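Trainee: Pasting in a structure now, in C-alpha cells, and then I'll have a few things to ask.
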Amino acid sequence: MLPSHCNGLNHHVSCASSQFQVTLFFISLYLVAIGQGGFNLCLKVFGADQFDGNDQKEAEAKSSFFNWLMFGSCVSILLTRLVSSYIQENLSWSLGFGIPGVFMLLALFLFLLGTTSYRFSAEERGKKNPFARIGRVFLEAVKRRRQDLDIAIPNETLLLLPHQSSMPLSFSWILCRFLDRAANTCELDEIQEAKAVLRLVPIWITCLVYAIVYSQSPTLFTKQGATMDRSISPGLVVPAATLQCVTSISIIVFIPLYDCLLVPTARSLTQNPSGITMLQRIGTGMFFSSFAMVVAALVETKRIQNARDDLTMSVWWLVPQYVIYGAADVFTMIGLQELFYEQVPSELRSVGMALNLSIYAAGIFLSSFMISVIDRVTSQSGQTSWFDNDLNQAHLDYFYWLLACLGFISLVSFLWSPNRMSTTDQTLSKQSSLLLCQLNYAIFHFLNGF
C-alpha cells in the first residue's frame with residue numbers, strides 16, 4: 001500500500017497510504033471473504049452432487065471426493081505458505097498476489113469449460129420450499145403439543161425406524177417423538193427431513209471442543225514454538241508460523257493412506273462404500289484431537305522445566321502434536337463435511353455445509369472466551385496467569401490438559417448420542433466404541449510409562 005514514489009532508500013518522503021488505497025485494500029479483503037464464503041460452501045456441494053448415490057461405484061467415488069478435495073486444498077495451502085510467502089517477502093508483494101490471481105482466472109476458465117457436462121439437481125414440481133416444509137413440521141408439532149401422542153398418532157410406531165421402537169429415552173429421542181405430533185397434517189417425508197436436521201444438533205454441540213482445539217494450532221502452538229530453538233543451521237532460523245506446514249504435510253500424507261489403504265480394507269469387511277461410517281470417522285478424529293492435546297501438554301511441561309533450568313529445547317519437539325493434529329483433521333473435518341452434506345434435504349445442502357463451518361466459527365469464539373476468562377481468574381491476587389506474556393512463567397500446559405479432558409468428555413458424549421439417535425443409515429457401532437475404549441486404555445498405560 002505504499003505510494004509509487006516510496007522506496008526503501010528514501011526516508012525523507014512521506015510514505016503514508018492515501019485514503020483511496022486504504023479503501024481499495026479493505027474492499028479487496030471483503031471481496032475475498034464474500035467469495036470464499038460462497039466458494040467453500042457451494043464447491044463441496046456441487047462437486048458431491050456430480051455423483052449418483054444410488055450407484056455403488058459412484059457412491060464410493062463420492063466418499064473419496066471429499067478426501068481428495070481436502071488433499072488439493074492442503075497442497076495449495078502448503079505451496080502458498082512456502083512459495084507465495086517467499087515471493088512476497090523477497091521479490092514483490094504485487095507479484096505474490098498477482099500469481100494466485102492468474103491461477104484463479106485459469107481455474108474459473110477450466111470450470112466454465114465443463115458447464116455442459118455437469119449434473120444439476122432437478123427440482124421436483126409441486127414440492128414446497130425446504131425451509132417451509134421443515135418449519136411447518138415444527139409449527140404443527142408445537143400447535144399439538146398438548147395433545148396426547150396416542151390420539152395424535154394411533155399407530156405410534158409408524159414413524160419409528162425398526163431399531164428405534166425399543167430405544168432408551170434421550171433428549172434427542174424425545175424431540176424426535178415430539179415432531180411425530182405433526183403426522184396428521186404433514187407428510188411422512190417432511191417429518192423425516194425435520195428429524196434429520198434435528199439429529200445434527202447433538203453432533204454439532206459435541207464437536208465444539210474439537211473446533212476449540214482446532215483454533216490452537218495457528219495461535220498458542222505458534223506462540224509456544226517462538227520460545228524454542230528454531231535454528232536449523234548457523235544463520236538459518238525457522239519462523240514459528242512455518243510449523244503449520246507440518247499439519248498440511250501430514251494431511252497430504254494421511255489422505256492417500258486413508259483412501260487407498262484403510263478404506264478398501266474396511267470396505268471389504270463392512271460392505272460400506274465409505275469403509276467406515278461417517279460417525280465412526282468423526283469419533284476417531286475426535287480421539288486423535290484429544291490425544292494431540294495430551295502430547296502438547298507433555299511437551300509444554302518439559303519445555304517449561306528446561307526453561308527454568310536455563311536449557312533450550314528444539315522446536316522439532318512440537319512436530320508430533322502437529323502430525324497427530326493433521327491426522328485428526330483427516331478423520332473429523334472431512335467426516336463432518338460428508339455428514340452435514342448427507343443428512344440435510346438435497347435443497348439445503350449448502351446450508352448444511354454452512355452449519356458445518358459454523359462449528360469452527362463457534363469454536364474459535366469459545367476458545368477466545370475461555371482464554372479471556374481463565375486469564376482473568378488465574379491472574380487474580382498477584383498470581384501468574386496461565387497465559388502470561390512470558391511463557392516460561394505461564395502454564396499453557398494446564399490449558400492443554402483442560403482441553404484434553406474436555407475433548408475426552410466430548411468424545412464420550414459423542415459416542416453416547418449417536419447410539420440413541422438415528423441418521424439416514426449411519427450409526428456408530430458397538431465395535432467402534434469398544435475400539436476407542438481400547439485405544440484410551442492403551443494411551444493411559446503409555447502416559448503412566450512416560
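To be explicit about the labels: the chains of the C-alpha cells are called A, B, and onward in the order shown, and within each one the residues are counted from 1, while ligands get numbers from 1 in the order they are shown.
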Can you list, as a PyMOL selection string, every protein, DNA or RNA residue that comes within 7 Å of region 280-293 of chain A when you count only C-alpha atoms, leaving out same-chain residues fewer than 5 positions away?
Mentor: chain A and resi 210+321+324-325+327-329+331-332+335-336+400-401+403-404+407-408+411+428+432
Trainee: Taking the chain letters and numbering used in this document, name the residues of region 21-128 of chain A that DSSP puts in helix (DSSP H, G or I), as number ranges by chain.
Mentor: A: 21-48, 56-90, 93-113, 115-117
Trainee: What does the file look like for those residues with C-alpha atoms, as a CSV table (one decimal), in the first residue's frame?
Mentor:
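Output (part-v4.csv):
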```csv
chain,number,residue,atom,x,y,z
A,21,GLN,CA,-5.5,2.9,-1.4
A,22,VAL,CA,-6.7,2.0,2.1
A,23,THR,CA,-10.3,1.9,0.9
A,24,LEU,CA,-9.3,-0.3,-2.1
A,25,PHE,CA,-7.4,-2.6,0.2
A,26,PHE,CA,-10.3,-3.2,2.5
A,27,ILE,CA,-12.7,-3.7,-0.4
A,28,SER,CA,-10.4,-6.3,-1.7
A,29,LEU,CA,-10.4,-8.1,1.7
A,30,TYR,CA,-14.2,-8.1,1.9
A,31,LEU,CA,-14.5,-9.4,-1.7
A,32,VAL,CA,-12.1,-12.2,-0.8
A,33,ALA,CA,-14.2,-13.0,2.3
A,34,ILE,CA,-17.5,-12.9,0.3
A,35,GLY,CA,-16.0,-15.1,-2.5
A,36,GLN,CA,-14.6,-17.6,0.0
A,37,GLY,CA,-18.0,-17.8,1.8
A,38,GLY,CA,-19.8,-18.8,-1.4
A,39,PHE,CA,-16.9,-20.8,-2.9
A,40,ASN,CA,-16.2,-23.0,0.1
A,41,LEU,CA,-19.8,-24.0,0.6
A,42,CYS,CA,-21.0,-24.4,-3.0
A,43,LEU,CA,-17.9,-26.1,-4.4
A,44,LYS,CA,-18.2,-29.1,-2.0
A,45,VAL,CA,-21.9,-29.4,-2.5
A,46,PHE,CA,-21.8,-29.0,-6.3
A,47,GLY,CA,-18.9,-31.4,-6.6
A,48,ALA,CA,-20.6,-34.1,-4.5
A,56,GLN,CA,-22.4,-48.4,-5.9
A,57,LYS,CA,-19.3,-47.2,-7.7
A,58,GLU,CA,-20.3,-43.6,-7.7
A,59,ALA,CA,-21.2,-43.8,-4.0
A,60,GLU,CA,-17.6,-45.0,-3.3
A,61,ALA,CA,-16.3,-42.2,-5.5
A,62,LYS,CA,-18.4,-39.6,-3.7
A,63,SER,CA,-16.8,-40.5,-0.4
A,64,SER,CA,-13.3,-40.2,-2.0
A,65,PHE,CA,-14.3,-36.8,-3.4
A,66,PHE,CA,-14.3,-35.2,0.0
A,67,ASN,CA,-10.9,-36.8,0.8
A,68,TRP,CA,-9.2,-35.5,-2.4
A,69,LEU,CA,-10.8,-32.1,-2.2
A,70,MET,CA,-9.2,-31.7,1.2
A,71,PHE,CA,-5.9,-33.1,-0.3
A,72,GLY,CA,-5.9,-30.4,-3.0
A,73,SER,CA,-6.7,-27.7,-0.5
A,74,CYS,CA,-3.8,-28.7,1.7
A,75,VAL,CA,-1.4,-28.8,-1.3
A,76,SER,CA,-2.4,-25.3,-2.3
A,77,ILE,CA,-2.1,-24.0,1.3
A,78,LEU,CA,1.3,-25.6,1.6
A,79,LEU,CA,2.5,-24.0,-1.7
A,80,THR,CA,1.1,-20.7,-0.6
A,81,ARG,CA,2.9,-20.7,2.7
A,82,LEU,CA,6.2,-21.8,1.1
A,83,VAL,CA,6.3,-20.2,-2.4
A,84,SER,CA,4.0,-17.2,-2.2
A,85,SER,CA,5.3,-16.1,1.2
A,86,TYR,CA,8.9,-16.2,-0.2
A,87,ILE,CA,7.9,-14.2,-3.3
A,88,GLN,CA,6.1,-11.6,-1.2
A,89,GLU,CA,8.9,-11.1,1.2
A,90,ASN,CA,11.8,-11.3,-1.1
A,93,TRP,CA,4.0,-8.2,-2.9
A,94,SER,CA,2.3,-7.3,-6.2
A,95,LEU,CA,3.8,-10.4,-7.8
A,96,GLY,CA,2.9,-12.5,-4.7
A,97,PHE,CA,-0.8,-11.5,-5.1
A,98,GLY,CA,-0.8,-11.5,-8.9
A,99,ILE,CA,0.3,-15.1,-9.3
A,100,PRO,CA,-2.6,-16.6,-7.3
A,101,GLY,CA,-4.9,-14.2,-9.1
A,102,VAL,CA,-3.8,-15.6,-12.5
A,103,PHE,CA,-4.3,-19.1,-11.3
A,104,MET,CA,-7.8,-18.3,-10.0
A,105,LEU,CA,-8.7,-16.9,-13.5
A,106,LEU,CA,-7.3,-20.1,-15.0
A,107,ALA,CA,-9.4,-22.2,-12.6
A,108,LEU,CA,-12.5,-20.2,-13.5
A,109,PHE,CA,-11.9,-20.8,-17.2
A,110,LEU,CA,-11.5,-24.6,-16.7
A,111,PHE,CA,-14.6,-24.6,-14.5
A,112,LEU,CA,-16.7,-22.9,-17.2
A,113,LEU,CA,-15.4,-25.3,-19.9
A,115,THR,CA,-20.6,-26.4,-18.0
A,116,THR,CA,-22.3,-28.6,-20.5
A,117,SER,CA,-21.2,-31.8,-18.8
```
Trainee: Name the residues of region 154-402 of chain A that come out as strand (DSSP E or B) in a backbone DSSP run; write them as a list in words.
Mentor: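 DSSP on the backbone gives strand (DSSP E or B) at Asp229, Ser231, Ile232, Ser233, Leu236, Val237 and Ser314 of chain A.
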Trainee: Convert the current residue selection to file output with N, CA, C and O atoms, as a PDB file, in the first residue's frame.
Mentor:
```
ATOM      1  N   ASP A 229      14.165 -23.282  20.408  1.00  0.00           N
ATOM      2  CA  ASP A 229      15.295 -23.170  19.495  1.00  0.00           C
ATOM      3  C   ASP A 229      14.838 -23.567  18.094  1.00  0.00           C
ATOM      4  O   ASP A 229      14.538 -24.732  17.825  1.00  0.00           O
ATOM      5  N   SER A 231      16.608 -22.891  15.182  1.00  0.00           N
ATOM      6  CA  SER A 231      17.709 -22.849  14.219  1.00  0.00           C
ATOM      7  C   SER A 231      17.932 -24.224  13.586  1.00  0.00           C
ATOM      8  O   SER A 231      17.948 -25.245  14.268  1.00  0.00           O
ATOM      9  N   ILE A 232      18.063 -24.232  12.253  1.00  0.00           N
ATOM     10  CA  ILE A 232      18.375 -25.455  11.521  1.00  0.00           C
ATOM     11  C   ILE A 232      19.876 -25.568  11.310  1.00  0.00           C
ATOM     12  O   ILE A 232      20.477 -26.627  11.456  1.00  0.00           O
ATOM     13  N   SER A 233      20.483 -24.449  10.981  1.00  0.00           N
ATOM     14  CA  SER A 233      21.934 -24.361  10.805  1.00  0.00           C
ATOM     15  C   SER A 233      22.346 -22.945  11.190  1.00  0.00           C
ATOM     16  O   SER A 233      21.476 -22.071  11.359  1.00  0.00           O
ATOM     17  N   LEU A 236      20.380 -19.791   9.917  1.00  0.00           N
ATOM     18  CA  LEU A 236      19.091 -20.164   9.337  1.00  0.00           C
ATOM     19  C   LEU A 236      18.123 -20.533  10.446  1.00  0.00           C
ATOM     20  O   LEU A 236      18.296 -21.547  11.124  1.00  0.00           O
ATOM     21  N   VAL A 237      17.112 -19.685  10.642  1.00  0.00           N
ATOM     22  CA  VAL A 237      16.124 -19.869  11.702  1.00  0.00           C
ATOM     23  C   VAL A 237      14.750 -20.065  11.073  1.00  0.00           C
ATOM     24  O   VAL A 237      14.340 -19.304  10.189  1.00  0.00           O
ATOM     25  N   SER A 314      14.552 -27.873  21.426  1.00  0.00           N
ATOM     26  CA  SER A 314      14.383 -27.752  19.982  1.00  0.00           C
ATOM     27  C   SER A 314      12.911 -27.660  19.621  1.00  0.00           C
ATOM     28  O   SER A 314      12.049 -28.313  20.212  1.00  0.00           O
TER      29      SER A 314
END
```
Trainee: Considering only C-alpha atoms, return as a PDB file with N, CA and C atoms, in the first residue's frame whatever protein or nucleic-acid residues lie within 9 Å of Ala141 (chain A), sequence-local ones (same chain, fewer than 2 positions apart) excluded.
Mentor:
```
ATOM      1  N   ARG A 136     -42.863 -25.925   8.851  1.00  0.00           N
ATOM      2  CA  ARG A 136     -44.263 -26.334   9.056  1.00  0.00           C
ATOM      3  C   ARG A 136     -44.345 -27.521  10.002  1.00  0.00           C
ATOM      4  N   VAL A 137     -43.393 -28.464   9.908  1.00  0.00           N
ATOM      5  CA  VAL A 137     -43.399 -29.623  10.812  1.00  0.00           C
ATOM      6  C   VAL A 137     -43.255 -29.160  12.256  1.00  0.00           C
ATOM      7  N   PHE A 138     -42.308 -28.268  12.515  1.00  0.00           N
ATOM      8  CA  PHE A 138     -42.114 -27.767  13.878  1.00  0.00           C
ATOM      9  C   PHE A 138     -43.339 -26.991  14.352  1.00  0.00           C
ATOM     10  N   LEU A 139     -43.910 -26.185  13.455  1.00  0.00           N
ATOM     11  CA  LEU A 139     -45.077 -25.378  13.830  1.00  0.00           C
ATOM     12  C   LEU A 139     -46.272 -26.265  14.170  1.00  0.00           C
ATOM     13  N   LYS A 143     -48.227 -26.702  17.776  1.00  0.00           N
ATOM     14  CA  LYS A 143     -49.678 -26.496  17.905  1.00  0.00           C
ATOM     15  C   LYS A 143     -50.344 -27.656  18.630  1.00  0.00           C
ATOM     16  N   ARG A 144     -49.809 -28.864  18.448  1.00  0.00           N
ATOM     17  CA  ARG A 144     -50.409 -30.077  19.033  1.00  0.00           C
ATOM     18  C   ARG A 144     -49.614 -30.586  20.225  1.00  0.00           C
ATOM     19  N   ARG A 145     -48.897 -29.678  20.868  1.00  0.00           N
ATOM     20  CA  ARG A 145     -48.029 -30.085  21.988  1.00  0.00           C
ATOM     21  C   ARG A 145     -48.822 -30.607  23.172  1.00  0.00           C
ATOM     22  N   PHE A 178     -41.488 -35.800  19.612  1.00  0.00           N
ATOM     23  CA  PHE A 178     -42.331 -34.612  19.671  1.00  0.00           C
ATOM     24  C   PHE A 178     -42.761 -34.190  18.266  1.00  0.00           C
ATOM     25  N   LEU A 179     -41.869 -34.325  17.283  1.00  0.00           N
ATOM     26  CA  LEU A 179     -42.203 -33.951  15.915  1.00  0.00           C
ATOM     27  C   LEU A 179     -43.247 -34.884  15.309  1.00  0.00           C
ATOM     28  N   ASP A 180     -43.384 -36.090  15.881  1.00  0.00           N
ATOM     29  CA  ASP A 180     -44.392 -37.025  15.369  1.00  0.00           C
ATOM     30  C   ASP A 180     -45.811 -36.489  15.546  1.00  0.00           C
ATOM     31  N   ARG A 181     -45.984 -35.499  16.406  1.00  0.00           N
ATOM     32  CA  ARG A 181     -47.314 -34.923  16.614  1.00  0.00           C
ATOM     33  C   ARG A 181     -47.836 -34.234  15.349  1.00  0.00           C
ATOM     34  N   ALA A 182     -46.913 -33.918  14.419  1.00  0.00           N
ATOM     35  CA  ALA A 182     -47.332 -33.248  13.179  1.00  0.00           C
ATOM     36  C   ALA A 182     -47.762 -34.236  12.111  1.00  0.00           C
ATOM     37  N   ALA A 183     -47.878 -35.536  12.446  1.00  0.00           N
ATOM     38  CA  ALA A 183     -48.150 -36.575  11.445  1.00  0.00           C
ATOM     39  C   ALA A 183     -49.513 -36.436  10.794  1.00  0.00           C
TER      40      ALA A 183
END
```
Trainee: Determine the nearest neighbour of Ser248 (chain A) from the options A:Val330, A:Ala296, A:Val351, A:Ile276, counting only C-alpha atoms.
Mentor: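 Smallest distance to Ser248 (chain A) is found for A:Val330.
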Trainee: What does the structure give for the distance between CA of Met333 (chain A) and CA of Ala361 (chain A), in Å to one decimal?
Mentor: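 Here the two named atoms are 13.4 Å from each other.
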Trainee: Ile374 (chain A): which residues within 8 Å, counting only C-alpha atoms, same-chain residues fewer than 4 positions away excluded, as a PyMOL selection string?
Mentor: chain A and resi 370+378+385-386
